[in-house]
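Some notes on the structure that comes next.
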Amino acid sequence: MRNFIKNLAIVLLVFFVISGIVMLYNTPVQKISDINLNELANQINDGKVKEIQVEGEKLNIVLADNTKEKSQKEAEASLSESLKNYGVDQEKLRSVSIGIKDTATAAFWINTIVPFLLPFLIIGAFLWFMMRSAQRGNSQAMSFGLSRARMIIPQKDKKKKITFADVAGAEEAKEELKEIVEFLKHPKKFLDLGARIPKGVLLLGSPGTGKTLIAKAVAGEASVPFFSISGSEFVEMFVGVGASRVRDLFKQAKKNAPAIVFIDEIDAVGRHRGAGLGGGHDEREQTLNQILVEMDGFETDTNVIVIAATNRPDVLDPALLRPGRFDRRVVMDLPDIREREAILKIHTKNMPVAKTVDFKKIAARTAGFSGADISNLVNEAAILAARRGKKIVEDDELRVSIEKVILGPERKSKVLNTKEKEITAYHEAGHAMIASSLPNADQVQKVSIISRGQAAGYTLNVPQEDKRLYSRSYFLDELAVLLGGYVSEKNIFGDVTTGASNDLERATDIARKLVTRYGMSDLGPRTFGRKEELIFLGKEISEEKNYSEATAKDIDKEVSKFISDAYDTAQKIILEKRPLLEKIAQTLLEKETIEHEEFLKLIGRKEPAVGEEPKKDPPAPQNKPA
């Protein structure tokens with residue numbers, strides 16, 4: 001319908017253009033009056049006529065003052081005979097220039113034939129557009145089931161070629177994938193020994209950890225064609241389209257073998273079968289069935305390696321994960337401090353960065369950042385430097401960008417009144433002081449009462465080194481730090497505000513996980529509750545209670561006990577160190593921001609040497625289970 005309306009509009013536009021041209025051609029510039037032969041005879045006798053053009057029966061007259069007129073002569077007689085009959089003086093007639101125009105010229109044919117031919121031309125053009133539209137529709141229908149994969153040939157596009165040198169960190173993942181590269185380059189070396197190269201490699205990891213990047217690096221290193229497609233591009237509303245696109249994708253890959261097929265977000269079509277609403281004829285399941293056949297069907301001698309990426313391996317169908325299909329699973333973890341430093345250097349390679357920038361310190365502040373987060377951080381720093389009119393990116397831009405990535409941009413327009421500013425200062429001072437007092441809490445890197453995102457102020461705590469395992473004592477100290485702002489407000493002002501709502505939410509969540517997930521409470525080493533998930537929805541919708549109501553009461557008591565003990569710890573520290581709390585809060589009110597070095601001076605400590613544990617106060621007494 002859309003194409004029909006488009007073609008009809010084009011035809012109407014052509015019609016109006018042609019009609020306008022014809023009307024413009026036939027319309028004289030100045031109005032020409034029509035006279036009879038009697039008037040023409042009188043004008044000739046009066047010497048007013050300069051020229052007469054005879055065009056068939058028509059007479060085009062030009063007077064002495066260049067005025068134009070027209071008339072019609074008799075069909076049976078010549079012009080001179082007609083004028084003689086009207087009494088024109090022959091001497092006067094000889095002074096008039098008389099010309100005869102050939103009526104067989106192009107103008108005559110245009111004026112005569114075009115009005116009759118134009119409707120046929122318009123109808124013909126309309127039919128031609130309709131047929132062309134139908135042919136286009138047929139060609140689209142024929143190509144609807146073809147693959148939408150984008151083909152990249154590293155040899156031809158060397159500027160965009162990505163290799164392992166462009167991927168920082170992920171050393172174990174690169175080692176696993178180097179074998180794939182070696183096979184694609186020298187397959188005979190493996191085949192002679194009877195080795196069978198993995199058919200598929202499944203890249204697992206959180207969003208932004210570099211799954212797509214390392215897949216491109218494999219293609220760049222092997223210098224083979226690289227077919228890239230998303231899992232969602234297979235499925236359409238029409239039955240059989242997904243399976244048809246899978247067949248066409250592997251057909252193209254086999255023609256260009258050895259080649260790599262990269263399927264991003266494979267969980268879009270690779271979810272567990274039999275759990276959806278469509279049954280066995282569900283379009284997504286048919287697409288998955290075709291992928292399974294193409295990866296390990298009867299044709300097993302093709303040099304096509306499938307690399308897929310997902311952050312939801314738990315929902316994938318078991319048939320995808322068996323040997324012969326996705327033989328290898330490569331985990332892409334969040335980078336550690338050494339890898340983050342390397343990623344920072346790669347992203348700043350083509351950027352003017354000040355020599356004073358310490359990438360190791362910047363990497364230490366970015367605990368928990370993925371590769372994509374670091375790329376965004378560097379880009380934000382470059383934008384900020386440009387806005388400040390600088391020619392190079394300095395340490396300050398990188399530090400500010402870290403906070404922008406974590407919390408959002410500064411909200412300078414959100415000005416707190418004097419009372420709110422004072423409450424925020426004491427709230428953040430409470431967090432910072434308790435974090436500096438407990439031995440297992442993360443180090444304070446920055447304290448600020450400048451609004452960012454939804455926060456009126458913030459305390460940036462960063463661990464001294466990356467952690468994979470967290471102890472019970474760490475969580476207990478973390479609970480006390482989270483309650484530090486709440487306790488500080490209550491002690492200083494005798495009241496609490498909504499500013500602690502997020503802290504309380506996080507503290508409650510940690511306390512409940514200590515009881516129900518980590519087995520770190522008096523209820524013993526077991527978990528409580530089991531998450532249920534509907535696979536076709538792909539999200540958690542409920543939690544099954546595998547415990548009694550009496551146990552639920554015990555869980556609530558343990559959660560409350562953890563929160564109460566953390567409150568007591570924070571209360572004890574704040575009461576003992578009230579002068580230090582006042583000092584930190586007043587500095588915040590004066591400067592609004594306290595960096596790590598200045599904070600250490602405020603609390604009377606020195607920066608620990610590399611590899612040295614930061615000195616903290618002795619741990620406050622904790623109520624621990626027997």
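Simple scheme: letters A, B, ... for chains in structure tokens order, numbers from 1 for residues in each chain, numbers from 1 for ligands in the order shown.
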
Discussion item. I want to know what sits within 8 Å of Ser228 of chain A, based on only C-alpha atoms, with residues of the same chain fewer than 4 positions away left out; could you give that as a VMD selection string?
Written reply: chain A and resid 149 to 152 261 to 264

Worksheet item: Residues of segment 313-390 of chain A in strand (DSSP E or B) according to DSSP, as an NGL selection string?
Response: :A and (316 or 326-332 or 353)

Discussion item. As a PyMOL selection string, please: every residue in segment 445-497 of chain A that DSSP puts in alpha helix (DSSP H).
Written reply: chain A and resi 472-493

Practice prompt. Between atom CA of Leu177 of chain A and atom CA of Val218 of chain A, measure the distance and give it in Å to one decimal.
Written response: 6.9 Å

Worksheet item: When distances are computed from only C-alpha atoms, which of A:Pro313, A:Gly519, A:Gly499, A:Gly87 shows the smallest separation from Leu203 of chain A?
Response: A:Pro313

Discussion item. Can you tell me which residues surround Asn38 of chain A at a distance of at most 12 Å, considering only C-alpha atoms, apart from same-chain residues fewer than 6 positions away, and format the answer as a PyMOL selection string?
Written reply: chain A and resi 44-45+71-73+82-88

Could those residues be written to a file, using C-alpha atoms, as a PDB file, in the first residue's frame?
ATOM      1  CA  ILE A  44      -3.271  48.414 -43.441  1.00  0.00           C
ATOM      2  CA  ASN A  45      -4.774  51.402 -45.280  1.00  0.00           C
ATOM      3  CA  SER A  71      -7.017  37.306 -37.029  1.00  0.00           C
ATOM      4  CA  GLN A  72      -8.442  34.533 -39.221  1.00  0.00           C
ATOM      5  CA  LYS A  73      -8.478  34.582 -43.046  1.00  0.00           C
ATOM      6  CA  SER A  82      -9.211  38.371 -49.177  1.00  0.00           C
ATOM      7  CA  LEU A  83      -7.667  41.765 -48.404  1.00  0.00           C
ATOM      8  CA  LYS A  84      -8.384  42.979 -51.984  1.00  0.00           C
ATOM      9  CA  ASN A  85     -12.046  42.079 -51.468  1.00  0.00           C
ATOM     10  CA  TYR A  86     -12.034  44.255 -48.331  1.00  0.00           C
ATOM     11  CA  GLY A  87     -10.681  47.272 -50.321  1.00  0.00           C
ATOM     12  CA  VAL A  88      -7.062  47.271 -49.176  1.00  0.00           C
TER      13      VAL A  88
END

Fill in: Near-Leu580 of chain A list (10 Å; only C-alpha atoms; drop same-chain fewer than 2 positions) as a ChimeraX atom specification
/A:429-430,433,574,576-578,582-586,602-603

Selected residues, N, CA and C atoms, written as a short mmCIF file (atom, residue, chain, number, x, y, z; two decimals), in the first residue's frame, please.
data_model
loop_
_atom_site.label_atom_id
_atom_site.label_comp_id
_atom_site.auth_asym_id
_atom_site.auth_seq_id
_atom_site.Cartn_x
_atom_site.Cartn_y
_atom_site.Cartn_z
N ALA A 429 30.60 12.70 56.14
CA ALA A 429 31.72 12.60 57.09
C ALA A 429 31.58 11.34 57.94
N GLY A 430 30.34 10.97 58.30
CA GLY A 430 30.12 9.74 59.05
C GLY A 430 30.54 8.52 58.27
N MET A 433 34.53 8.61 58.02
CA MET A 433 35.26 8.37 59.26
C MET A 433 35.17 6.90 59.69
N ILE A 574 31.47 6.88 66.30
CA ILE A 574 31.11 8.30 66.19
C ILE A 574 31.17 8.99 67.55
N GLU A 576 33.11 8.10 70.05
CA GLU A 576 34.51 8.18 70.46
C GLU A 576 35.28 9.24 69.68
N LYS A 577 34.89 9.44 68.41
CA LYS A 577 35.67 10.34 67.53
C LYS A 577 34.84 11.53 67.08
N ARG A 578 34.02 12.05 67.94
CA ARG A 578 33.17 13.19 67.60
C ARG A 578 33.98 14.39 67.11
N GLU A 582 33.53 16.26 63.44
CA GLU A 582 33.30 17.69 63.26
C GLU A 582 34.33 18.30 62.31
N LYS A 583 35.58 17.85 62.45
CA LYS A 583 36.66 18.39 61.62
C LYS A 583 36.43 18.06 60.14
N ILE A 584 36.07 16.81 59.86
CA ILE A 584 35.82 16.40 58.46
C ILE A 584 34.62 17.15 57.89
N ALA A 585 33.55 17.25 58.69
CA ALA A 585 32.34 17.91 58.21
C ALA A 585 32.59 19.39 57.93
N GLN A 586 33.32 20.07 58.80
CA GLN A 586 33.60 21.49 58.59
C GLN A 586 34.47 21.71 57.36
N LEU A 602 43.86 14.83 57.28
CA LEU A 602 42.85 15.20 58.26
C LEU A 602 42.77 14.20 59.41
N ILE A 603 42.90 12.90 59.05
CA ILE A 603 42.77 11.87 60.09
C ILE A 603 44.12 11.47 60.66
#

Response to the item:
The residue from A:Leu121, A:Ala342, A:Ala552, A:Ile563 with the smallest atom-to-atom distance to Glu478 of chain A, counting only C-alpha atoms, is A:Ile563

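Each of A:Glu69, A:Glu598, A:Asp46, A:Asp442 was compared to Asp34 of chain A using only C-alpha atoms, and A:Glu69 turns out to be the nearest.
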
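The closest residue to Leu316 of chain A, picked from A:Glu39, A:Glu410, A:Glu179, A:Glu265 and counting only C-alpha atoms, is A:Glu265.
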
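Residues lying within 8 Å of Ile402 of chain A, counting only C-alpha atoms and ignoring same-chain neighbours fewer than 6 positions away, are Arg365, Thr366 and Leu377 of chain A.
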
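Proximity ranking of A:Gly210, A:Gly324, A:Gly389, A:Gly408 relative to Val293 of chain A places A:Gly324 first, based on only C-alpha atoms.
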
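For Thr348 of chain A, the set of protein, DNA and RNA residues having any atom at most 10 Å away, when counting only C-alpha atoms and skipping those fewer than 4 positions along the same chain, is Ala342, Ile343, Leu344, Pro352, Val353, Ser375, Val378, Asn379, Ala382 and Val393 of chain A.
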
Practice prompt. Write out as a ChimeraX atom specification each polymer residue whose atoms come within 10 Å of Phe250 of chain A, counting only C-alpha atoms; drop sequence neighbours fewer than 3 positions from it.
Written response: /A:147,227,245-247,253-257,259-261,291,294-295,304,306

Output file for the residues above (N, CA, C and O atoms, as a CSV table (one decimal), in the first residue's frame):
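File written: selection_39.csv
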chain,number,residue,atom,x,y,z
A,147,SER,N,20.3,-14.2,4.6
A,147,SER,CA,21.0,-13.8,5.8
A,147,SER,C,21.2,-12.3,5.7
A,147,SER,O,21.5,-11.7,4.7
A,227,PHE,N,31.8,-13.1,9.5
A,227,PHE,CA,30.4,-12.9,9.3
A,227,PHE,C,29.8,-12.5,10.7
A,227,PHE,O,29.8,-13.3,11.6
A,245,ARG,N,17.3,-18.0,7.1
A,245,ARG,CA,18.4,-17.1,7.2
A,245,ARG,C,19.7,-17.8,7.8
A,245,ARG,O,20.8,-17.5,7.4
A,246,VAL,N,19.4,-18.8,8.7
A,246,VAL,CA,20.5,-19.6,9.2
A,246,VAL,C,21.2,-20.4,8.1
A,246,VAL,O,22.4,-20.4,8.0
A,247,ARG,N,20.3,-21.0,7.3
A,247,ARG,CA,20.9,-21.8,6.1
A,247,ARG,C,21.7,-20.9,5.2
A,247,ARG,O,22.8,-21.3,4.8
A,253,ALA,N,29.1,-18.7,4.5
A,253,ALA,CA,30.3,-18.9,5.2
A,253,ALA,C,31.1,-20.1,4.6
A,253,ALA,O,32.3,-20.1,4.5
A,254,LYS,N,30.4,-21.1,4.2
A,254,LYS,CA,31.1,-22.3,3.6
A,254,LYS,C,31.7,-21.9,2.2
A,254,LYS,O,32.8,-22.5,1.9
A,255,LYS,N,31.1,-21.0,1.5
A,255,LYS,CA,31.7,-20.6,0.2
A,255,LYS,C,33.0,-19.8,0.4
A,255,LYS,O,33.9,-19.9,-0.4
A,256,ASN,N,33.1,-19.1,1.6
A,256,ASN,CA,34.2,-18.3,1.9
A,256,ASN,C,35.2,-19.0,2.9
A,256,ASN,O,36.0,-18.4,3.5
A,257,ALA,N,34.9,-20.3,3.1
A,257,ALA,CA,35.7,-21.0,4.1
A,257,ALA,C,37.2,-21.0,3.7
A,257,ALA,O,37.5,-21.1,2.6
A,259,ALA,N,36.3,-19.6,7.5
A,259,ALA,CA,35.6,-18.3,7.9
A,259,ALA,C,35.1,-18.5,9.3
A,259,ALA,O,35.1,-19.5,9.9
A,260,ILE,N,34.8,-17.3,9.9
A,260,ILE,CA,34.3,-17.2,11.2
A,260,ILE,C,32.8,-16.6,11.2
A,260,ILE,O,32.6,-15.6,10.5
A,261,VAL,N,31.9,-17.3,11.9
A,261,VAL,CA,30.6,-16.8,12.0
A,261,VAL,C,30.4,-16.3,13.5
A,261,VAL,O,30.6,-17.1,14.4
A,291,ILE,N,20.2,-24.0,13.6
A,291,ILE,CA,21.6,-23.7,14.0
A,291,ILE,C,22.3,-25.0,14.5
A,291,ILE,O,23.5,-25.3,14.2
A,294,GLU,N,23.2,-27.1,11.5
A,294,GLU,CA,24.3,-26.5,10.7
A,294,GLU,C,25.7,-26.7,11.4
A,294,GLU,O,26.7,-26.9,10.8
A,295,MET,N,25.7,-26.6,12.8
A,295,MET,CA,26.9,-26.7,13.5
A,295,MET,C,27.4,-28.1,13.6
A,295,MET,O,28.6,-28.4,13.6
A,304,VAL,N,34.3,-23.9,9.1
A,304,VAL,CA,33.6,-22.7,9.6
A,304,VAL,C,33.5,-22.8,11.1
A,304,VAL,O,33.0,-23.8,11.6
A,306,VAL,N,32.1,-21.2,14.6
A,306,VAL,CA,31.1,-20.3,15.1
A,306,VAL,C,31.5,-19.8,16.5
A,306,VAL,O,31.9,-20.6,17.4

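Here atom CA of Ile229 of chain A and atom CA of Leu288 of chain A stand 14.5 Å from one another.
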